[in-house]
Amino acid sequence: MTPPFEDDSIVARAPEALWRRVLGGVLVLGPCSDDALELTSPGDVVWALLGDPISVGALVEALSEGFAVSGAVVRAEIASTLDALADVGALVVFDPAESDQAGSHPEGEIRSETARRRSGTDASG
Amino acid sequence: MPTVPGVASAECTETEEVLRSCVVHGVEGSSSWSGRSPDGDRFESLISRAIEQRLLGALAQMTHEGALVLSDDQLCVLASHHTRWASHGLGLERLTLDVSERLASADLSTRVLKGVALAHIVYDDPSWRLAADLDLLIPAQSFDGAVSLATRDLGGEPALPELRPGFDREFGKEAMVQIGPYELDLHRTFVTGPFGLTIDLDELFDDATPFTLGGRTVHALGPTHMFVHACYNAALGDHPVRWCSIRDLLLCRDRLGVDLDEVVSTARRWRATGIVRRAAELVVEVAGADVAGEIVELTALEVSRRESWLLKSYLTPARSYSRPLAALAVIPGIRPRWRYARAVVAPSEEYLRSRGWSRGRHVRRAIGRLRRAWSPIHARPTGSRER
């Protein structure tokens, strides 16, 4: 079973991901897939917020305010989106234990979430 | 003003109005337009024409930005088409990265051309510029190596054999390679025929415009060459012109910051002044003089009789034959001319088989078409031969 994202995990789009805006949301082609993933609301909003590194907690809070729903509902909604993005290699996770702030992260600290999950290790290594 | 090709007159006004708005949407000098989509069969016609004119992305952009109001059903139809094309576009971008990386590992330079490059460089959002295939420019001296690599390492299948072995490397415009569902066009030059043979191909690699794709840097042509290439596409790419190429040229003007004097200077070096003038005339025809702005100045360029004659070879119904005939006028040297003429008149059996032609049918077809087209190209300019 895939471990859930922690609130203090910092996530962002993988630079290798290719994407396009479509009328119903966004299409994302991750490096680990041959088929584009279509994200409709709120998935497209999640993708927009992942344009800069953001903690999962802040992501939940932003969506909760924007859609006027509880954090618990948001967490349930976006879990599948984050999993889907991770599965196609379109998501990167910054280990908060190795980086003191989002935006200040040598490349070595950035691990593909897909690699982490495939190796079966947790965020702290 | 020209009408949209293929549109019956009864629906012409509505379809034309919307598509013309697509061409100039967000372009400097254009007025903001908003309106409702035509209904019923006319909406289907609008979608078909938008696809044909490669303006489906612009249509989606106008809808996304609220300039074009659609019913829910119409939105579903447009969204379905756009999503399909956008998905294809993402595949082309991945192919761009794969091919560029393979070629770079073999020390081969590339320049990304046309849709994939323009989407990222002159369009605000690449989502609104759709492309059908991937066009890459390869240095002429590396052409054969690049084609071999594309077929060998990337599992590509050549779409058509060469006219004769060695033709593409010396005279050809491009080699088309099918890689899975995607068409890769490896270009040696911009166009087939005489105007593809007068370009200084080495000069195309003197400059570049970098852009980011999937976290990596790839390169398009330098700004002036990109603008001139957009002129080639508008003037010679399709006949009649695809309106998307007019939009591309207008956005090149807006976003590349090129000096039109440099454009003209480049065109003169390449004997392509007539191409730039024709492209400018088409911009004025399709988008209007107000939107064309400084491009209007290019409609006053003086073009030699020789260039005018060469240009006519691209615009006749027999252009697949009149262009090669005209190309003989620009190829320097007797031996290269002989090789070119021999390839065109007597292509290889492999090429003829791929077309389903016999040698006799090839010759009869050429004579018939050239005879019908003889008048427009008959008035050859007198004067000295090309160097």
# chains A, B, ... in the order shown; residues from 1 in each chain; ligands from 1
call {"tool": "interface_residues", "arguments": {"of": "chain A", "to": "chain B", "cutoff": "8 Å", "atoms": "only C-alpha atoms", "output": "PyMOL selection string"}}
result
chain A and resi 15-24+27+29+36
call {"tool": "residues_around", "arguments": {"residues": "stretch 345-349 of chain B", "least_positions_apart": "4", "cutoff": "9 Å", "atoms": "only C-alpha atoms", "output": "PDB file with C-alpha atoms, in the first residue's frame"}}
result
ATOM      1  CA  PRO B 161      12.486   6.343 -50.414  1.00  0.00           C
ATOM      2  CA  GLU B 162      14.665   9.016 -52.044  1.00  0.00           C
ATOM      3  CA  LEU B 163      14.192   9.859 -55.711  1.00  0.00           C
ATOM      4  CA  ARG B 164      17.633   8.364 -56.260  1.00  0.00           C
ATOM      5  CA  PRO B 165      20.290   7.439 -53.672  1.00  0.00           C
ATOM      6  CA  TYR B 340      19.242  16.578 -60.203  1.00  0.00           C
ATOM      7  CA  ALA B 341      17.583  16.284 -63.602  1.00  0.00           C
ATOM      8  CA  ARG B 353       7.064   1.354 -56.577  1.00  0.00           C
ATOM      9  CA  SER B 354       6.454   3.263 -53.347  1.00  0.00           C
ATOM     10  CA  SER B 358       5.325   2.824 -63.564  1.00  0.00           C
ATOM     11  CA  ARG B 359       8.078   4.810 -65.241  1.00  0.00           C
ATOM     12  CA  HIS B 362       5.462   9.053 -64.094  1.00  0.00           C
ATOM     13  CA  VAL B 363       6.574  10.647 -67.350  1.00  0.00           C
ATOM     14  CA  ALA B 366       4.658  15.039 -65.496  1.00  0.00           C
TER      15      ALA B 366
END
call {"tool": "residues_around", "arguments": {"residues": "B:Ser30", "least_positions_apart": "5", "cutoff": "12 Å", "atoms": "only C-alpha atoms", "output": "list of chain:residue names"}}
result
B:Arg20, B:Ser21, B:Cys22, B:Val23, B:Val24, B:His25, B:Arg247, B:Leu250, B:Leu251, B:Asp254, B:Ala287, B:Gly288, B:Ala289, B:Asp290, B:Val291, B:Ala292, B:Gly293
call {"tool": "select_by_dssp", "arguments": {"residues": "stretch 162-303 of chain B", "states": "strand (DSSP E or B)", "output": "PyMOL selection string"}}
result
chain B and resi 174-179+182-187+208-213+216-221
call {"tool": "write_last_selection", "arguments": {"atoms": "N, CA, C and O atoms", "output": "tab-separated table (two decimals), in the first residue's frame"}}
result
chain	number	residue	atom	x	y	z
B	174	GLU	N	13.64	17.40	-47.16
B	174	GLU	CA	13.48	16.69	-45.90
B	174	GLU	C	13.40	15.19	-46.15
B	174	GLU	O	13.16	14.75	-47.27
B	175	ALA	N	13.58	14.44	-45.06
B	175	ALA	CA	13.31	13.01	-45.06
B	175	ALA	C	12.26	12.78	-43.99
B	175	ALA	O	12.42	13.23	-42.85
B	176	MET	N	11.17	12.15	-44.37
B	176	MET	CA	10.10	11.88	-43.40
B	176	MET	C	10.29	10.49	-42.83
B	176	MET	O	10.44	9.52	-43.57
B	177	VAL	N	10.25	10.41	-41.51
B	177	VAL	CA	10.43	9.14	-40.82
B	177	VAL	C	9.25	8.95	-39.87
B	177	VAL	O	8.93	9.85	-39.10
B	178	GLN	N	8.61	7.81	-39.96
B	178	GLN	CA	7.48	7.53	-39.09
B	178	GLN	C	8.00	6.78	-37.87
B	178	GLN	O	8.61	5.72	-37.98
B	179	ILE	N	7.78	7.35	-36.69
B	179	ILE	CA	8.20	6.71	-35.44
B	179	ILE	C	6.94	6.48	-34.61
B	179	ILE	O	6.40	7.41	-34.01
B	182	TYR	N	3.96	8.99	-34.71
B	182	TYR	CA	4.43	10.35	-34.97
B	182	TYR	C	5.27	10.44	-36.23
B	182	TYR	O	6.06	9.55	-36.53
B	183	GLU	N	5.07	11.55	-36.95
B	183	GLU	CA	5.88	11.80	-38.14
B	183	GLU	C	7.00	12.75	-37.78
B	183	GLU	O	6.77	13.85	-37.28
B	184	LEU	N	8.22	12.31	-38.02
B	184	LEU	CA	9.40	13.13	-37.81
B	184	LEU	C	9.91	13.58	-39.17
B	184	LEU	O	10.20	12.75	-40.02
B	185	ASP	N	9.95	14.89	-39.38
B	185	ASP	CA	10.47	15.44	-40.63
B	185	ASP	C	11.86	16.01	-40.36
B	185	ASP	O	11.99	17.01	-39.68
B	186	LEU	N	12.86	15.34	-40.88
B	186	LEU	CA	14.25	15.82	-40.74
B	186	LEU	C	14.53	16.70	-41.95
B	186	LEU	O	14.59	16.22	-43.08
B	187	HIS	N	14.71	17.98	-41.69
B	187	HIS	CA	14.88	18.96	-42.77
B	187	HIS	C	16.35	19.22	-43.04
B	187	HIS	O	17.14	19.44	-42.12
B	208	ALA	N	20.75	30.77	-32.50
B	208	ALA	CA	19.75	29.85	-31.96
B	208	ALA	C	18.89	30.58	-30.95
B	208	ALA	O	19.29	31.60	-30.38
B	209	THR	N	17.69	30.07	-30.76
B	209	THR	CA	16.82	30.54	-29.68
B	209	THR	C	16.57	29.34	-28.76
B	209	THR	O	15.89	28.39	-29.16
B	210	PRO	N	17.15	29.36	-27.55
B	210	PRO	CA	16.94	28.23	-26.65
B	210	PRO	C	15.54	28.30	-26.01
B	210	PRO	O	15.02	29.39	-25.78
B	211	PHE	N	14.96	27.15	-25.76
B	211	PHE	CA	13.74	27.10	-24.97
B	211	PHE	C	13.74	25.81	-24.17
B	211	PHE	O	14.49	24.89	-24.47
B	212	THR	N	12.91	25.79	-23.14
B	212	THR	CA	12.92	24.66	-22.21
B	212	THR	C	11.78	23.72	-22.51
B	212	THR	O	10.63	24.14	-22.69
B	213	LEU	N	12.12	22.46	-22.54
B	213	LEU	CA	11.13	21.41	-22.78
B	213	LEU	C	11.45	20.29	-21.81
B	213	LEU	O	12.57	19.76	-21.82
B	216	ARG	N	14.70	20.40	-20.01
B	216	ARG	CA	15.95	20.45	-20.80
B	216	ARG	C	15.88	21.58	-21.81
B	216	ARG	O	14.80	22.01	-22.21
B	217	THR	N	17.07	22.01	-22.19
B	217	THR	CA	17.15	23.09	-23.17
B	217	THR	C	17.29	22.52	-24.57
B	217	THR	O	18.15	21.68	-24.83
B	218	VAL	N	16.42	22.94	-25.45
B	218	VAL	CA	16.53	22.59	-26.87
B	218	VAL	C	16.60	23.91	-27.62
B	218	VAL	O	16.36	24.98	-27.07
B	219	HIS	N	16.93	23.84	-28.91
B	219	HIS	CA	17.19	25.05	-29.66
B	219	HIS	C	16.34	25.15	-30.90
B	219	HIS	O	16.18	24.18	-31.65
B	220	ALA	N	15.81	26.34	-31.11
B	220	ALA	CA	15.13	26.68	-32.35
B	220	ALA	C	16.07	27.60	-33.14
B	220	ALA	O	17.16	27.93	-32.69
B	221	LEU	N	15.61	28.02	-34.31
B	221	LEU	CA	16.39	28.96	-35.11
B	221	LEU	C	16.57	30.28	-34.36
B	221	LEU	O	15.80	30.60	-33.46
call {"tool": "select_by_dssp", "arguments": {"residues": "stretch 110-205 of chain B", "states": "helix (DSSP H, G or I)", "output": "MDAnalysis selection string"}}
result
chainID B and resid 114:121 126:128 140:152 167:170 194:197 202:205
call {"tool": "write_last_selection", "arguments": {"atoms": "C-alpha atoms", "output": "compact mmCIF listing (two decimals), in the first residue's frame"}}
result
# COMPACT_ATOMS: atom_id res chain seq x y z
CA LYS B 114 7.68 25.21 -36.85
CA GLY B 115 4.88 24.18 -34.46
CA VAL B 116 6.79 22.66 -31.55
CA ALA B 117 9.23 25.58 -31.46
CA LEU B 118 6.75 28.36 -32.16
CA ALA B 119 4.37 27.06 -29.47
CA HIS B 120 7.01 27.65 -26.79
CA ILE B 121 8.64 30.78 -28.16
CA PRO B 126 2.01 26.34 -25.93
CA SER B 127 -1.37 24.75 -25.19
CA TRP B 128 -2.91 26.96 -27.86
CA ALA B 140 23.34 19.40 -44.51
CA GLN B 141 26.65 17.58 -44.06
CA SER B 142 25.14 15.43 -41.28
CA PHE B 143 21.86 14.71 -43.04
CA ASP B 144 22.44 11.07 -43.94
CA GLY B 145 23.76 10.29 -40.45
CA ALA B 146 20.71 11.85 -38.82
CA VAL B 147 18.30 9.88 -41.01
CA SER B 148 20.19 6.64 -40.28
CA LEU B 149 20.09 7.33 -36.57
CA ALA B 150 16.36 8.08 -36.63
CA THR B 151 15.59 4.83 -38.41
CA ARG B 152 18.15 2.64 -36.63
CA PHE B 167 19.31 12.98 -53.70
CA ASP B 168 18.05 14.06 -50.28
CA ARG B 169 21.54 14.84 -48.98
CA GLU B 170 22.35 17.06 -51.96
CA PRO B 194 14.54 26.40 -56.12
CA PHE B 195 13.97 28.45 -52.98
CA GLY B 196 15.21 25.59 -50.83
CA LEU B 197 18.43 25.55 -52.80
CA ASP B 202 25.30 26.82 -42.73
CA GLU B 203 24.07 30.25 -41.69
CA LEU B 204 21.01 28.66 -40.07
CA PHE B 205 23.23 27.20 -37.35
call {"tool": "atom_distance", "arguments": {"atom1": "atom CA of B:Glu285", "atom2": "atom CA of B:Val303"}}
result
19.2 Å
call {"tool": "residues_around", "arguments": {"residues": "stretch 71-82 of chain A", "least_positions_apart": "2", "cutoff": "9 Å", "atoms": "only C-alpha atoms", "output": "ChimeraX atom specification"}}
result
/A:4-5,39,42-43,46,56,60-61,63-65,67,69,84-87,91
call {"tool": "write_last_selection", "arguments": {"atoms": "N, CA and C atoms", "output": "CSV table (one decimal), in the first residue's frame"}}
result
chain,number,residue,atom,x,y,z
A,4,PRO,N,0.8,7.4,2.7
A,4,PRO,CA,0.2,8.8,2.4
A,4,PRO,C,1.3,9.8,2.4
A,5,PHE,N,1.0,11.0,1.7
A,5,PHE,CA,1.9,12.1,1.8
A,5,PHE,C,1.8,12.8,3.1
A,39,LEU,N,-6.1,15.7,-15.9
A,39,LEU,CA,-6.6,16.1,-14.6
A,39,LEU,C,-7.7,17.1,-14.7
A,42,PRO,N,-10.6,19.0,-9.0
A,42,PRO,CA,-9.6,20.0,-8.6
A,42,PRO,C,-8.2,19.6,-9.0
A,43,GLY,N,-8.0,18.5,-9.8
A,43,GLY,CA,-6.7,18.1,-10.2
A,43,GLY,C,-5.9,19.1,-10.9
A,46,VAL,N,-4.6,21.6,-8.5
A,46,VAL,CA,-3.4,21.0,-7.8
A,46,VAL,C,-2.2,21.2,-8.6
A,56,VAL,N,2.5,19.7,1.4
A,56,VAL,CA,1.2,19.1,1.2
A,56,VAL,C,0.2,19.8,2.1
A,60,VAL,N,-3.2,21.6,0.9
A,60,VAL,CA,-4.6,21.2,1.4
A,60,VAL,C,-5.3,22.5,1.9
A,61,GLU,N,-4.5,23.4,2.5
A,61,GLU,CA,-5.1,24.6,3.1
A,61,GLU,C,-5.6,25.5,1.9
A,63,LEU,N,-6.5,24.7,-1.1
A,63,LEU,CA,-7.6,24.1,-1.8
A,63,LEU,C,-8.9,24.2,-0.9
A,64,SER,N,-8.7,24.0,0.4
A,64,SER,CA,-9.8,24.0,1.3
A,64,SER,C,-10.4,25.4,1.3
A,65,GLU,N,-9.6,26.5,1.3
A,65,GLU,CA,-10.1,27.8,1.2
A,65,GLU,C,-10.7,28.1,-0.1
A,67,PHE,N,-12.0,26.1,-2.4
A,67,PHE,CA,-13.3,25.4,-2.7
A,67,PHE,C,-14.3,25.4,-1.6
A,69,VAL,N,-14.2,23.8,1.3
A,69,VAL,CA,-14.5,22.5,1.9
A,69,VAL,C,-13.5,22.2,2.9
A,84,ALA,N,-1.4,9.5,-8.6
A,84,ALA,CA,-1.4,9.4,-10.1
A,84,ALA,C,-0.2,10.1,-10.7
A,85,LEU,N,0.1,11.3,-10.2
A,85,LEU,CA,1.2,12.1,-10.7
A,85,LEU,C,2.5,11.4,-10.3
A,86,ALA,N,2.6,10.9,-9.1
A,86,ALA,CA,3.8,10.2,-8.7
A,86,ALA,C,4.0,8.9,-9.5
A,87,ASP,N,3.0,8.2,-9.8
A,87,ASP,CA,3.1,7.0,-10.6
A,87,ASP,C,3.7,7.2,-12.0
A,91,LEU,N,5.8,14.0,-10.3
A,91,LEU,CA,5.9,14.6,-9.0
A,91,LEU,C,7.2,14.4,-8.4
call {"tool": "atom_distance", "arguments": {"atom1": "atom CA of A:Val93", "atom2": "atom CA of A:Ile10"}}
result
5.6 Å
call {"tool": "closest_residue", "arguments": {"among": "B:Ser265, B:Thr224, B:Asn233, B:Ser32", "to": "B:Cys252", "atoms": "only C-alpha atoms"}}
result
B:Thr224
